[in-house]
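Below: protein.cif (mmCIF, N, CA and C atoms and all ligand atoms)
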```
data_input
#
loop_
_atom_site.label_atom_id
_atom_site.label_comp_id
_atom_site.auth_asym_id
_atom_site.auth_seq_id
_atom_site.Cartn_x
_atom_site.Cartn_y
_atom_site.Cartn_z
N MET A 1 0.84 -1.19 0.00
CA MET A 1 0.00 0.00 0.00
C MET A 1 0.87 1.24 0.00
N ALA A 2 0.39 2.25 -0.68
CA ALA A 2 1.10 3.53 -0.66
C ALA A 2 0.09 4.64 -0.91
N TYR A 3 0.43 5.79 -0.47
CA TYR A 3 -0.42 6.96 -0.73
C TYR A 3 0.10 7.69 -1.96
N VAL A 4 -0.85 8.22 -2.72
CA VAL A 4 -0.54 8.84 -4.00
C VAL A 4 -1.31 10.15 -4.11
N ILE A 5 -0.69 11.14 -4.73
CA ILE A 5 -1.38 12.41 -4.98
C ILE A 5 -1.87 12.43 -6.42
N GLY A 6 -3.13 12.71 -6.60
CA GLY A 6 -3.75 12.68 -7.92
C GLY A 6 -3.93 14.05 -8.55
N ALA A 7 -4.72 14.06 -9.60
CA ALA A 7 -4.87 15.24 -10.46
C ALA A 7 -5.40 16.47 -9.73
N ASP A 8 -6.19 16.24 -8.69
CA ASP A 8 -6.82 17.40 -8.04
C ASP A 8 -5.82 18.34 -7.37
N CYS A 9 -4.61 17.86 -7.18
CA CYS A 9 -3.56 18.73 -6.60
C CYS A 9 -3.04 19.75 -7.61
N ILE A 10 -3.19 19.45 -8.89
CA ILE A 10 -2.59 20.30 -9.93
C ILE A 10 -3.12 21.73 -9.82
N ASP A 11 -2.20 22.65 -9.78
CA ASP A 11 -2.48 24.09 -9.67
C ASP A 11 -3.10 24.49 -8.33
N VAL A 12 -3.11 23.55 -7.37
CA VAL A 12 -3.56 23.89 -6.01
C VAL A 12 -2.32 23.96 -5.10
N THR A 13 -1.65 22.81 -5.00
CA THR A 13 -0.40 22.71 -4.24
C THR A 13 -0.31 23.66 -3.03
N ASP A 14 -1.34 23.63 -2.18
CA ASP A 14 -1.32 24.52 -1.01
C ASP A 14 -0.36 24.04 0.08
N ARG A 15 0.11 22.79 -0.07
CA ARG A 15 1.17 22.26 0.78
C ARG A 15 0.73 21.87 2.19
N ALA A 16 -0.57 21.79 2.45
CA ALA A 16 -1.03 21.38 3.77
C ALA A 16 -0.50 19.99 4.13
N CYS A 17 -0.39 19.14 3.14
CA CYS A 17 0.07 17.78 3.40
C CYS A 17 1.53 17.75 3.85
N LEU A 18 2.32 18.65 3.35
CA LEU A 18 3.75 18.64 3.68
C LEU A 18 3.97 18.81 5.17
N ASP A 19 3.13 19.62 5.79
CA ASP A 19 3.33 19.96 7.19
C ASP A 19 3.14 18.77 8.12
N VAL A 20 2.38 17.78 7.69
CA VAL A 20 2.07 16.66 8.59
C VAL A 20 2.86 15.40 8.28
N CYS A 21 3.59 15.38 7.20
CA CYS A 21 4.31 14.15 6.84
C CYS A 21 5.51 13.95 7.76
N PRO A 22 5.53 12.84 8.51
CA PRO A 22 6.61 12.64 9.50
C PRO A 22 7.96 12.30 8.88
N VAL A 23 7.96 11.91 7.62
CA VAL A 23 9.22 11.51 6.99
C VAL A 23 9.60 12.41 5.82
N ASP A 24 8.86 13.51 5.61
CA ASP A 24 9.24 14.51 4.61
C ASP A 24 9.36 13.90 3.20
N CYS A 25 8.40 13.02 2.89
CA CYS A 25 8.51 12.31 1.60
C CYS A 25 7.59 12.88 0.53
N ILE A 26 7.06 14.10 0.76
CA ILE A 26 6.22 14.74 -0.24
C ILE A 26 7.04 15.85 -0.90
N TYR A 27 7.20 15.76 -2.20
CA TYR A 27 8.07 16.65 -2.96
C TYR A 27 7.23 17.56 -3.84
N VAL A 28 7.56 18.83 -3.85
CA VAL A 28 6.77 19.82 -4.59
C VAL A 28 7.40 20.07 -5.96
N GLY A 29 6.61 19.85 -7.00
CA GLY A 29 7.05 20.15 -8.36
C GLY A 29 6.72 21.60 -8.70
N GLU A 30 6.24 21.82 -9.89
CA GLU A 30 5.82 23.17 -10.25
C GLU A 30 4.31 23.33 -10.07
N ARG A 31 3.54 22.40 -10.64
CA ARG A 31 2.08 22.49 -10.57
C ARG A 31 1.46 21.49 -9.63
N LYS A 32 2.26 20.58 -9.07
CA LYS A 32 1.72 19.47 -8.28
C LYS A 32 2.77 18.97 -7.31
N SER A 33 2.30 18.30 -6.27
CA SER A 33 3.21 17.63 -5.34
C SER A 33 3.16 16.12 -5.57
N TYR A 34 4.21 15.43 -5.14
CA TYR A 34 4.37 14.00 -5.43
C TYR A 34 4.88 13.30 -4.18
N ILE A 35 4.27 12.14 -3.86
CA ILE A 35 4.74 11.33 -2.73
C ILE A 35 5.72 10.27 -3.25
N ASN A 36 6.86 10.16 -2.59
CA ASN A 36 7.81 9.10 -2.92
C ASN A 36 7.36 7.81 -2.23
N ALA A 37 6.90 6.86 -3.01
CA ALA A 37 6.32 5.64 -2.46
C ALA A 37 7.36 4.80 -1.71
N ASN A 38 8.62 4.93 -2.06
CA ASN A 38 9.66 4.16 -1.37
C ASN A 38 9.96 4.74 0.01
N GLU A 39 9.69 6.02 0.17
CA GLU A 39 9.99 6.68 1.45
C GLU A 39 8.75 6.81 2.34
N CYS A 40 7.57 6.77 1.75
CA CYS A 40 6.31 6.89 2.49
C CYS A 40 6.16 5.70 3.43
N ILE A 41 5.79 5.98 4.68
CA ILE A 41 5.59 4.90 5.66
C ILE A 41 4.11 4.57 5.83
N ASP A 42 3.28 5.09 4.93
CA ASP A 42 1.86 4.75 4.89
C ASP A 42 1.13 5.09 6.18
N CYS A 43 1.51 6.18 6.80
CA CYS A 43 0.87 6.55 8.07
C CYS A 43 -0.53 7.12 7.84
N GLY A 44 -0.78 7.67 6.67
CA GLY A 44 -2.10 8.20 6.35
C GLY A 44 -2.36 9.61 6.86
N ALA A 45 -1.40 10.22 7.48
CA ALA A 45 -1.63 11.55 8.08
C ALA A 45 -1.96 12.61 7.03
N CYS A 46 -1.41 12.47 5.85
CA CYS A 46 -1.60 13.50 4.83
C CYS A 46 -2.99 13.50 4.24
N GLU A 47 -3.60 12.34 4.15
CA GLU A 47 -4.85 12.20 3.38
C GLU A 47 -5.95 13.16 3.84
N PRO A 48 -6.26 13.23 5.14
CA PRO A 48 -7.35 14.14 5.55
C PRO A 48 -6.97 15.61 5.52
N GLU A 49 -5.70 15.91 5.37
CA GLU A 49 -5.27 17.31 5.38
C GLU A 49 -5.50 18.00 4.04
N CYS A 50 -5.60 17.24 2.98
CA CYS A 50 -5.70 17.85 1.66
C CYS A 50 -7.08 18.47 1.45
N PRO A 51 -7.16 19.75 1.20
CA PRO A 51 -8.47 20.42 1.09
C PRO A 51 -9.24 20.05 -0.17
N VAL A 52 -8.57 19.44 -1.14
CA VAL A 52 -9.27 19.07 -2.36
C VAL A 52 -9.35 17.55 -2.55
N GLY A 53 -9.00 16.81 -1.50
CA GLY A 53 -9.14 15.35 -1.58
C GLY A 53 -8.27 14.71 -2.64
N ALA A 54 -7.10 15.26 -2.85
CA ALA A 54 -6.25 14.77 -3.94
C ALA A 54 -5.47 13.51 -3.59
N ILE A 55 -5.39 13.18 -2.29
CA ILE A 55 -4.55 12.06 -1.86
C ILE A 55 -5.39 10.80 -1.70
N PHE A 56 -4.91 9.72 -2.29
CA PHE A 56 -5.66 8.46 -2.21
C PHE A 56 -4.69 7.29 -2.01
N VAL A 57 -5.23 6.16 -1.58
CA VAL A 57 -4.44 4.94 -1.42
C VAL A 57 -4.36 4.24 -2.77
N ASP A 58 -3.19 3.74 -3.11
CA ASP A 58 -2.99 3.24 -4.47
C ASP A 58 -3.93 2.11 -4.85
N ARG A 59 -4.36 1.30 -3.89
CA ARG A 59 -5.24 0.18 -4.26
C ARG A 59 -6.58 0.66 -4.82
N THR A 60 -6.97 1.87 -4.49
CA THR A 60 -8.24 2.39 -5.01
C THR A 60 -8.13 2.75 -6.49
N ALA A 61 -6.93 2.69 -7.03
CA ALA A 61 -6.73 3.02 -8.44
C ALA A 61 -6.96 1.82 -9.36
N ARG A 62 -7.12 0.64 -8.77
CA ARG A 62 -7.24 -0.56 -9.62
C ARG A 62 -8.41 -0.47 -10.57
N SER A 63 -9.49 0.13 -10.13
CA SER A 63 -10.67 0.23 -10.99
C SER A 63 -10.89 1.65 -11.48
N ASP A 64 -9.85 2.46 -11.42
CA ASP A 64 -9.99 3.87 -11.78
C ASP A 64 -8.80 4.28 -12.66
N PRO A 65 -9.00 4.31 -13.98
CA PRO A 65 -7.88 4.60 -14.88
C PRO A 65 -7.22 5.95 -14.64
N ASP A 66 -8.01 6.94 -14.24
CA ASP A 66 -7.43 8.26 -13.99
C ASP A 66 -6.47 8.21 -12.80
N ARG A 67 -6.91 7.53 -11.74
CA ARG A 67 -6.03 7.38 -10.59
C ARG A 67 -4.81 6.53 -10.94
N ALA A 68 -5.03 5.48 -11.71
CA ALA A 68 -3.92 4.60 -12.09
C ALA A 68 -2.85 5.37 -12.85
N ALA A 69 -3.27 6.31 -13.66
CA ALA A 69 -2.30 7.11 -14.41
C ALA A 69 -1.42 7.92 -13.45
N PHE A 70 -2.00 8.37 -12.35
CA PHE A 70 -1.22 9.17 -11.40
C PHE A 70 -0.38 8.30 -10.47
N VAL A 71 -0.78 7.05 -10.27
CA VAL A 71 0.10 6.12 -9.55
C VAL A 71 1.38 5.91 -10.37
N ALA A 72 1.20 5.65 -11.65
CA ALA A 72 2.37 5.46 -12.53
C ALA A 72 3.18 6.74 -12.65
N ASP A 73 2.49 7.86 -12.71
CA ASP A 73 3.19 9.13 -12.87
C ASP A 73 3.99 9.49 -11.62
N SER A 74 3.46 9.15 -10.46
CA SER A 74 4.19 9.41 -9.22
C SER A 74 5.48 8.59 -9.16
N HIS A 75 5.39 7.38 -9.66
CA HIS A 75 6.60 6.55 -9.74
C HIS A 75 7.60 7.18 -10.71
N ALA A 76 7.10 7.63 -11.85
CA ALA A 76 7.97 8.21 -12.88
C ALA A 76 8.66 9.48 -12.40
N PHE A 77 7.98 10.25 -11.56
CA PHE A 77 8.56 11.50 -11.06
C PHE A 77 9.92 11.26 -10.41
N PHE A 78 10.05 10.13 -9.74
CA PHE A 78 11.30 9.82 -9.03
C PHE A 78 12.21 8.88 -9.84
N ALA A 79 11.61 8.03 -10.64
CA ALA A 79 12.40 6.98 -11.31
C ALA A 79 12.94 7.39 -12.67
N GLU A 80 12.38 8.43 -13.25
CA GLU A 80 12.81 8.87 -14.58
C GLU A 80 13.29 10.32 -14.51
N PRO A 81 14.26 10.69 -15.34
CA PRO A 81 14.71 12.09 -15.31
C PRO A 81 13.58 13.05 -15.63
N LEU A 82 13.46 14.09 -14.85
CA LEU A 82 12.46 15.13 -15.13
C LEU A 82 12.93 15.97 -16.31
N PRO A 83 12.03 16.68 -16.97
CA PRO A 83 12.42 17.49 -18.13
C PRO A 83 13.61 18.41 -17.81
N GLY A 84 14.63 18.30 -18.63
CA GLY A 84 15.81 19.14 -18.44
C GLY A 84 16.87 18.58 -17.52
N ARG A 85 16.54 17.43 -16.89
CA ARG A 85 17.50 16.80 -15.98
C ARG A 85 18.14 15.58 -16.63
N ALA A 86 19.37 15.31 -16.26
CA ALA A 86 20.06 14.14 -16.82
C ALA A 86 19.84 12.89 -15.99
N GLU A 87 19.57 13.09 -14.69
CA GLU A 87 19.44 11.95 -13.79
C GLU A 87 18.08 11.99 -13.10
N PRO A 88 17.54 10.82 -12.76
CA PRO A 88 16.30 10.81 -11.97
C PRO A 88 16.56 11.26 -10.53
N LEU A 89 15.51 11.71 -9.87
CA LEU A 89 15.64 12.09 -8.46
C LEU A 89 15.97 10.90 -7.58
N GLY A 90 15.40 9.76 -7.90
CA GLY A 90 15.60 8.58 -7.06
C GLY A 90 14.90 8.75 -5.73
N ASP A 91 15.54 8.29 -4.67
CA ASP A 91 14.98 8.37 -3.32
C ASP A 91 15.90 9.23 -2.46
N PRO A 92 15.69 10.54 -2.45
CA PRO A 92 16.63 11.45 -1.77
C PRO A 92 16.65 11.31 -0.26
N GLY A 93 15.60 10.70 0.32
CA GLY A 93 15.57 10.55 1.77
C GLY A 93 14.95 11.73 2.49
N GLY A 94 14.15 12.51 1.78
CA GLY A 94 13.47 13.65 2.38
C GLY A 94 13.59 14.87 1.49
N ALA A 95 12.45 15.57 1.32
CA ALA A 95 12.45 16.73 0.43
C ALA A 95 13.39 17.82 0.92
N GLY A 96 13.54 17.94 2.23
CA GLY A 96 14.40 18.97 2.78
C GLY A 96 15.86 18.81 2.36
N LYS A 97 16.23 17.58 2.08
CA LYS A 97 17.63 17.33 1.68
C LYS A 97 17.95 17.91 0.30
N LEU A 98 16.90 18.21 -0.46
CA LEU A 98 17.12 18.79 -1.79
C LEU A 98 17.15 20.31 -1.72
N GLY A 99 16.93 20.85 -0.55
CA GLY A 99 17.05 22.29 -0.39
C GLY A 99 15.88 23.08 -0.90
N GLY A 100 14.72 22.45 -1.00
CA GLY A 100 13.54 23.21 -1.40
C GLY A 100 12.75 22.49 -2.47
N GLU A 101 11.94 23.26 -3.16
CA GLU A 101 11.02 22.66 -4.11
C GLU A 101 11.75 22.29 -5.41
N ILE A 102 11.24 21.29 -6.08
CA ILE A 102 11.87 20.81 -7.30
C ILE A 102 11.62 21.78 -8.46
N GLY A 103 10.40 22.28 -8.54
CA GLY A 103 10.07 23.25 -9.59
C GLY A 103 9.91 22.65 -10.98
N LEU A 104 9.84 21.33 -11.04
CA LEU A 104 9.65 20.64 -12.31
C LEU A 104 8.54 19.62 -12.15
N ASP A 105 7.87 19.31 -13.26
CA ASP A 105 6.82 18.30 -13.23
C ASP A 105 7.08 17.24 -14.29
N THR A 106 6.40 16.11 -14.12
CA THR A 106 6.41 15.10 -15.18
C THR A 106 5.69 15.66 -16.40
N PRO A 107 5.93 15.08 -17.58
CA PRO A 107 5.19 15.53 -18.76
C PRO A 107 3.68 15.43 -18.60
N LEU A 108 3.20 14.38 -17.93
CA LEU A 108 1.75 14.24 -17.74
C LEU A 108 1.17 15.44 -17.01
N VAL A 109 1.85 15.86 -15.96
CA VAL A 109 1.36 16.98 -15.16
C VAL A 109 1.62 18.31 -15.87
N GLY A 110 2.80 18.43 -16.47
CA GLY A 110 3.13 19.68 -17.14
C GLY A 110 2.18 20.01 -18.28
N ASP A 111 1.70 18.97 -18.94
CA ASP A 111 0.80 19.16 -20.08
C ASP A 111 -0.66 19.07 -19.69
N HIS A 112 -0.92 18.89 -18.40
CA HIS A 112 -2.30 18.67 -17.97
C HIS A 112 -3.11 19.95 -18.12
N PRO A 113 -4.39 19.82 -18.51
CA PRO A 113 -5.24 21.01 -18.58
C PRO A 113 -5.31 21.72 -17.24
N GLN A 114 -5.55 22.97 -17.28
CA GLN A 114 -5.60 23.79 -16.07
C GLN A 114 -6.65 23.28 -15.09
N GLY A 115 -6.30 23.30 -13.81
CA GLY A 115 -7.32 23.22 -12.79
C GLY A 115 -7.80 21.88 -12.33
N GLY A 116 -6.93 20.96 -12.03
CA GLY A 116 -7.32 19.79 -11.26
C GLY A 116 -8.03 18.70 -12.01
N ALA A 117 -9.27 18.44 -11.70
CA ALA A 117 -9.96 17.20 -12.03
C ALA A 117 -9.70 16.70 -13.44
N GLY A 118 -9.55 15.39 -13.52
CA GLY A 118 -9.44 14.78 -14.85
C GLY A 118 -8.24 13.95 -15.02
S1 LIG B 201 -1.92 16.95 -2.18
FE1 LIG B 201 -3.47 18.35 -1.41
S2 LIG B 201 -2.58 19.20 0.48
FE2 LIG B 201 -0.89 18.30 -0.69
S3 LIG B 201 -0.06 19.98 -1.93
FE3 LIG B 201 -1.59 18.91 -3.20
S4 LIG B 201 -3.48 20.04 -2.89
FE4 LIG B 201 -2.10 20.60 -1.21
S1 LIG B 202 1.08 8.57 4.26
FE1 LIG B 202 2.33 9.49 5.90
S2 LIG B 202 4.45 9.10 5.29
FE2 LIG B 202 3.17 8.80 3.46
S3 LIG B 202 3.15 10.76 2.42
FE3 LIG B 202 1.36 10.73 3.74
S4 LIG B 202 2.04 11.71 5.66
FE4 LIG B 202 3.90 11.15 4.48
#
```
Now, as a test, write the supplied structure out as structure tokens.
Amino acid sequence: MAYVIGADCIDVTDRACLDVCPVDCIYVGERKSYINANECIDCGACEPECPVGAIFVDRTARSDPDRAAFVADSHAFFAEPLPGRAEPLGDPGGAGKLGGEIGLDTPLVGDHPQGGAG
């Protein structure tokens, strides 16, 4: 099981979830935030904090293609080089170790229509 941030975070990114994550495994891109599934300890603290309900458990994506796309995309954010980068982020061990926000998104998120749902 892992927690995943979906489309509703896009262009919202109010960061309420970041404040409650005990292991600092939520990374801020440009238009969206992303949970590192390898670092997430599945505590669930972030889920009720999100004002737009963007955070879900990955198993709920099995019957939901839109959610499934964001499960795969969250993996890609860390496992594949982001646009303009030569190396993937991998598992940095906490967003704070990167010295701030990433400021980049996956192609799926970067090209996503404005304003969340979908
Ligand atoms: S997942 Fe929700 S709480 Fe976290 S940054 Fe996105 S919109 Fe904000
Ligand atoms: S489930 Fe817990 S550890 Fe995982 S991202 Fe949310 S707050 Fe962080």
Determine the nearest neighbour of Ala7 of chain A from the options A:Ser63, A:Lys32, A:Asn38, A:Ala76, counting all atoms listed in the file. A:Lys32
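With only N, CA and C atoms as the atoms that count, the minimum distance from Val23 of chain A to the choices A:Gly93, A:Pro81, A:Gly103, A:Asp73 is reached by A:Gly93.
Take atom C of Gly44 of chain A and atom C of Asp64 of chain A: the distance between them is 21.2 Å.
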Can you list, as a VMD selection string, every residue of chain A that DSSP puts in alpha helix (DSSP H)? chain A and resid 16 to 20 65 to 79 107 to 110
Mind dumping the selected residues with N, CA and C atoms as a short mmCIF file (atom, residue, chain, number, x, y, z; two decimals), keeping the file's coordinate frame?
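part-v1.cif, freshly written:
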```
data_model
loop_
_atom_site.label_atom_id
_atom_site.label_comp_id
_atom_site.auth_asym_id
_atom_site.auth_seq_id
_atom_site.Cartn_x
_atom_site.Cartn_y
_atom_site.Cartn_z
N ALA A 16 -0.57 21.79 2.45
CA ALA A 16 -1.03 21.38 3.77
C ALA A 16 -0.50 19.99 4.13
N CYS A 17 -0.39 19.14 3.14
CA CYS A 17 0.07 17.78 3.40
C CYS A 17 1.53 17.75 3.85
N LEU A 18 2.32 18.65 3.35
CA LEU A 18 3.75 18.64 3.68
C LEU A 18 3.97 18.81 5.17
N ASP A 19 3.13 19.62 5.79
CA ASP A 19 3.33 19.96 7.19
C ASP A 19 3.14 18.77 8.12
N VAL A 20 2.38 17.78 7.69
CA VAL A 20 2.07 16.66 8.59
C VAL A 20 2.86 15.40 8.28
N PRO A 65 -9.00 4.31 -13.98
CA PRO A 65 -7.88 4.60 -14.88
C PRO A 65 -7.22 5.95 -14.64
N ASP A 66 -8.01 6.94 -14.24
CA ASP A 66 -7.43 8.26 -13.99
C ASP A 66 -6.47 8.21 -12.80
N ARG A 67 -6.91 7.53 -11.74
CA ARG A 67 -6.03 7.38 -10.59
C ARG A 67 -4.81 6.53 -10.94
N ALA A 68 -5.03 5.48 -11.71
CA ALA A 68 -3.92 4.60 -12.09
C ALA A 68 -2.85 5.37 -12.85
N ALA A 69 -3.27 6.31 -13.66
CA ALA A 69 -2.30 7.11 -14.41
C ALA A 69 -1.42 7.92 -13.45
N PHE A 70 -2.00 8.37 -12.35
CA PHE A 70 -1.22 9.17 -11.40
C PHE A 70 -0.38 8.30 -10.47
N VAL A 71 -0.78 7.05 -10.27
CA VAL A 71 0.10 6.12 -9.55
C VAL A 71 1.38 5.91 -10.37
N ALA A 72 1.20 5.65 -11.65
CA ALA A 72 2.37 5.46 -12.53
C ALA A 72 3.18 6.74 -12.65
N ASP A 73 2.49 7.86 -12.71
CA ASP A 73 3.19 9.13 -12.87
C ASP A 73 3.99 9.49 -11.62
N SER A 74 3.46 9.15 -10.46
CA SER A 74 4.19 9.41 -9.22
C SER A 74 5.48 8.59 -9.16
N HIS A 75 5.39 7.38 -9.66
CA HIS A 75 6.60 6.55 -9.74
C HIS A 75 7.60 7.18 -10.71
N ALA A 76 7.10 7.63 -11.85
CA ALA A 76 7.97 8.21 -12.88
C ALA A 76 8.66 9.48 -12.40
N PHE A 77 7.98 10.25 -11.56
CA PHE A 77 8.56 11.50 -11.06
C PHE A 77 9.92 11.26 -10.41
N PHE A 78 10.05 10.13 -9.74
CA PHE A 78 11.30 9.82 -9.03
C PHE A 78 12.21 8.88 -9.84
N ALA A 79 11.61 8.03 -10.64
CA ALA A 79 12.40 6.98 -11.31
C ALA A 79 12.94 7.39 -12.67
N PRO A 107 5.93 15.08 -17.58
CA PRO A 107 5.19 15.53 -18.76
C PRO A 107 3.68 15.43 -18.60
N LEU A 108 3.20 14.38 -17.93
CA LEU A 108 1.75 14.24 -17.74
C LEU A 108 1.17 15.44 -17.01
N VAL A 109 1.85 15.86 -15.96
CA VAL A 109 1.36 16.98 -15.16
C VAL A 109 1.62 18.31 -15.87
N GLY A 110 2.80 18.43 -16.47
CA GLY A 110 3.13 19.68 -17.14
C GLY A 110 2.18 20.01 -18.28
#
```
Residue among A:Leu18, A:Lys97, A:Ala69, A:Thr106 lying closest to Arg85 of chain A, counting only C-alpha atoms: A:Thr106
Chain A residues near ligand LIG 202 (chain B) within 8 Å, closest pair each, using all atoms listed in the file, as a Markdown table:
```
| residue | atom | partner | partner_atom | distance |
| --- | --- | --- | --- | --- |
| A:Ala2 | C | B:LIG202 | S1 | 6.6 |
| A:Tyr3 | CA | B:LIG202 | S1 | 5.5 |
| A:Val4 | N | B:LIG202 | S3 | 7.0 |
| A:Cys17 | C | B:LIG202 | S4 | 6.3 |
| A:Leu18 | N | B:LIG202 | S4 | 7.3 |
| A:Asp19 | C | B:LIG202 | S4 | 7.6 |
| A:Val20 | C | B:LIG202 | S4 | 4.6 |
| A:Cys21 | CA | B:LIG202 | S4 | 3.5 |
| A:Pro22 | N | B:LIG202 | S4 | 4.6 |
| A:Val23 | N | B:LIG202 | S2 | 5.1 |
| A:Asp24 | N | B:LIG202 | FE4 | 5.6 |
| A:Cys25 | N | B:LIG202 | FE4 | 5.1 |
| A:Ile26 | N | B:LIG202 | S3 | 5.4 |
| A:Tyr27 | N | B:LIG202 | S3 | 7.9 |
| A:Tyr34 | C | B:LIG202 | S3 | 7.3 |
| A:Ile35 | CA | B:LIG202 | S3 | 5.4 |
| A:Asn36 | N | B:LIG202 | S3 | 6.3 |
| A:Ala37 | CA | B:LIG202 | FE2 | 7.4 |
| A:Glu39 | C | B:LIG202 | S2 | 5.7 |
| A:Cys40 | CA | B:LIG202 | FE2 | 3.8 |
| A:Ile41 | N | B:LIG202 | S2 | 3.4 |
| A:Asp42 | CA | B:LIG202 | S1 | 3.9 |
| A:Cys43 | N | B:LIG202 | S1 | 3.5 |
| A:Gly44 | N | B:LIG202 | S1 | 3.2 |
| A:Ala45 | N | B:LIG202 | FE1 | 4.1 |
| A:Cys46 | N | B:LIG202 | S4 | 3.5 |
| A:Glu47 | N | B:LIG202 | FE3 | 5.2 |
```
Written file, previous selection with N, CA and C atoms, as an mmCIF file, in the coordinates of the input:
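Result written to out28.cif:
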```
data_model
loop_
_atom_site.group_PDB
_atom_site.id
_atom_site.type_symbol
_atom_site.label_atom_id
_atom_site.label_comp_id
_atom_site.auth_asym_id
_atom_site.auth_seq_id
_atom_site.Cartn_x
_atom_site.Cartn_y
_atom_site.Cartn_z
ATOM 1 N N ALA A 2 0.390 2.250 -0.680
ATOM 2 C CA ALA A 2 1.100 3.530 -0.660
ATOM 3 C C ALA A 2 0.090 4.640 -0.910
ATOM 4 N N TYR A 3 0.430 5.790 -0.470
ATOM 5 C CA TYR A 3 -0.420 6.960 -0.730
ATOM 6 C C TYR A 3 0.100 7.690 -1.960
ATOM 7 N N VAL A 4 -0.850 8.220 -2.720
ATOM 8 C CA VAL A 4 -0.540 8.840 -4.000
ATOM 9 C C VAL A 4 -1.310 10.150 -4.110
ATOM 10 N N CYS A 17 -0.390 19.140 3.140
ATOM 11 C CA CYS A 17 0.070 17.780 3.400
ATOM 12 C C CYS A 17 1.530 17.750 3.850
ATOM 13 N N LEU A 18 2.320 18.650 3.350
ATOM 14 C CA LEU A 18 3.750 18.640 3.680
ATOM 15 C C LEU A 18 3.970 18.810 5.170
ATOM 16 N N ASP A 19 3.130 19.620 5.790
ATOM 17 C CA ASP A 19 3.330 19.960 7.190
ATOM 18 C C ASP A 19 3.140 18.770 8.120
ATOM 19 N N VAL A 20 2.380 17.780 7.690
ATOM 20 C CA VAL A 20 2.070 16.660 8.590
ATOM 21 C C VAL A 20 2.860 15.400 8.280
ATOM 22 N N CYS A 21 3.590 15.380 7.200
ATOM 23 C CA CYS A 21 4.310 14.150 6.840
ATOM 24 C C CYS A 21 5.510 13.950 7.760
ATOM 25 N N PRO A 22 5.530 12.840 8.510
ATOM 26 C CA PRO A 22 6.610 12.640 9.500
ATOM 27 C C PRO A 22 7.960 12.300 8.880
ATOM 28 N N VAL A 23 7.960 11.910 7.620
ATOM 29 C CA VAL A 23 9.220 11.510 6.990
ATOM 30 C C VAL A 23 9.600 12.410 5.820
ATOM 31 N N ASP A 24 8.860 13.510 5.610
ATOM 32 C CA ASP A 24 9.240 14.510 4.610
ATOM 33 C C ASP A 24 9.360 13.900 3.200
ATOM 34 N N CYS A 25 8.400 13.020 2.890
ATOM 35 C CA CYS A 25 8.510 12.310 1.600
ATOM 36 C C CYS A 25 7.590 12.880 0.530
ATOM 37 N N ILE A 26 7.060 14.100 0.760
ATOM 38 C CA ILE A 26 6.220 14.740 -0.240
ATOM 39 C C ILE A 26 7.040 15.850 -0.900
ATOM 40 N N TYR A 27 7.200 15.760 -2.200
ATOM 41 C CA TYR A 27 8.070 16.650 -2.960
ATOM 42 C C TYR A 27 7.230 17.560 -3.840
ATOM 43 N N TYR A 34 4.210 15.430 -5.140
ATOM 44 C CA TYR A 34 4.370 14.000 -5.430
ATOM 45 C C TYR A 34 4.880 13.300 -4.180
ATOM 46 N N ILE A 35 4.270 12.140 -3.860
ATOM 47 C CA ILE A 35 4.740 11.330 -2.730
ATOM 48 C C ILE A 35 5.720 10.270 -3.250
ATOM 49 N N ASN A 36 6.860 10.160 -2.590
ATOM 50 C CA ASN A 36 7.810 9.100 -2.920
ATOM 51 C C ASN A 36 7.360 7.810 -2.230
ATOM 52 N N ALA A 37 6.900 6.860 -3.010
ATOM 53 C CA ALA A 37 6.320 5.640 -2.460
ATOM 54 C C ALA A 37 7.360 4.800 -1.710
ATOM 55 N N GLU A 39 9.690 6.020 0.170
ATOM 56 C CA GLU A 39 9.990 6.680 1.450
ATOM 57 C C GLU A 39 8.750 6.810 2.340
ATOM 58 N N CYS A 40 7.570 6.770 1.750
ATOM 59 C CA CYS A 40 6.310 6.890 2.490
ATOM 60 C C CYS A 40 6.160 5.700 3.430
ATOM 61 N N ILE A 41 5.790 5.980 4.680
ATOM 62 C CA ILE A 41 5.590 4.900 5.660
ATOM 63 C C ILE A 41 4.110 4.570 5.830
ATOM 64 N N ASP A 42 3.280 5.090 4.930
ATOM 65 C CA ASP A 42 1.860 4.750 4.890
ATOM 66 C C ASP A 42 1.130 5.090 6.180
ATOM 67 N N CYS A 43 1.510 6.180 6.800
ATOM 68 C CA CYS A 43 0.870 6.550 8.070
ATOM 69 C C CYS A 43 -0.530 7.120 7.840
ATOM 70 N N GLY A 44 -0.780 7.670 6.670
ATOM 71 C CA GLY A 44 -2.100 8.200 6.350
ATOM 72 C C GLY A 44 -2.360 9.610 6.860
ATOM 73 N N ALA A 45 -1.400 10.220 7.480
ATOM 74 C CA ALA A 45 -1.630 11.550 8.080
ATOM 75 C C ALA A 45 -1.960 12.610 7.030
ATOM 76 N N CYS A 46 -1.410 12.470 5.850
ATOM 77 C CA CYS A 46 -1.600 13.500 4.830
ATOM 78 C C CYS A 46 -2.990 13.500 4.240
ATOM 79 N N GLU A 47 -3.600 12.340 4.150
ATOM 80 C CA GLU A 47 -4.850 12.200 3.380
ATOM 81 C C GLU A 47 -5.950 13.160 3.840
#
```
Shell of 6 Å around ligand LIG 201 (chain B) (only C-alpha atoms and all ligand atoms), written as a ChimeraX atom specification: /A:5,9,12-17,33,49-52,54-55
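Secondary structure from DSSP on the backbone puts strand (DSSP E or B) at the following positions of chain A: Tyr3, Val4, Ile5, Ile26, Tyr27, Val28, Ser33, Tyr34, Ile35, Ile55, Phe56 and Val57 of chain A.
Atom N of Leu98 of chain A sits 15.3 Å away from atom N of Ala79 of chain A.
What separates atom CA of Pro83 of chain A from atom C of Glu101 of chain A is a distance of 13.6 Å.
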Enclosing box along x, y and z for every listed atom of segment 88-99 of chain A, padded 4 Å each side, centre and size in Å, one decimal, as JSON:
```
{"center_x": 15.2, "center_y": 15.7, "center_z": -5.0, "size_x": 13.5, "size_y": 22.8, "size_z": 23.5}
```
Around the point (-0.6, 13.4, -16.0) in the file's coordinates, collect all residues with an atom within 12 Å, using only C-alpha atoms, and return them as a PyMOL selection string. chain A and resi 5-10+31-32+34+65-77+105-114+116-118
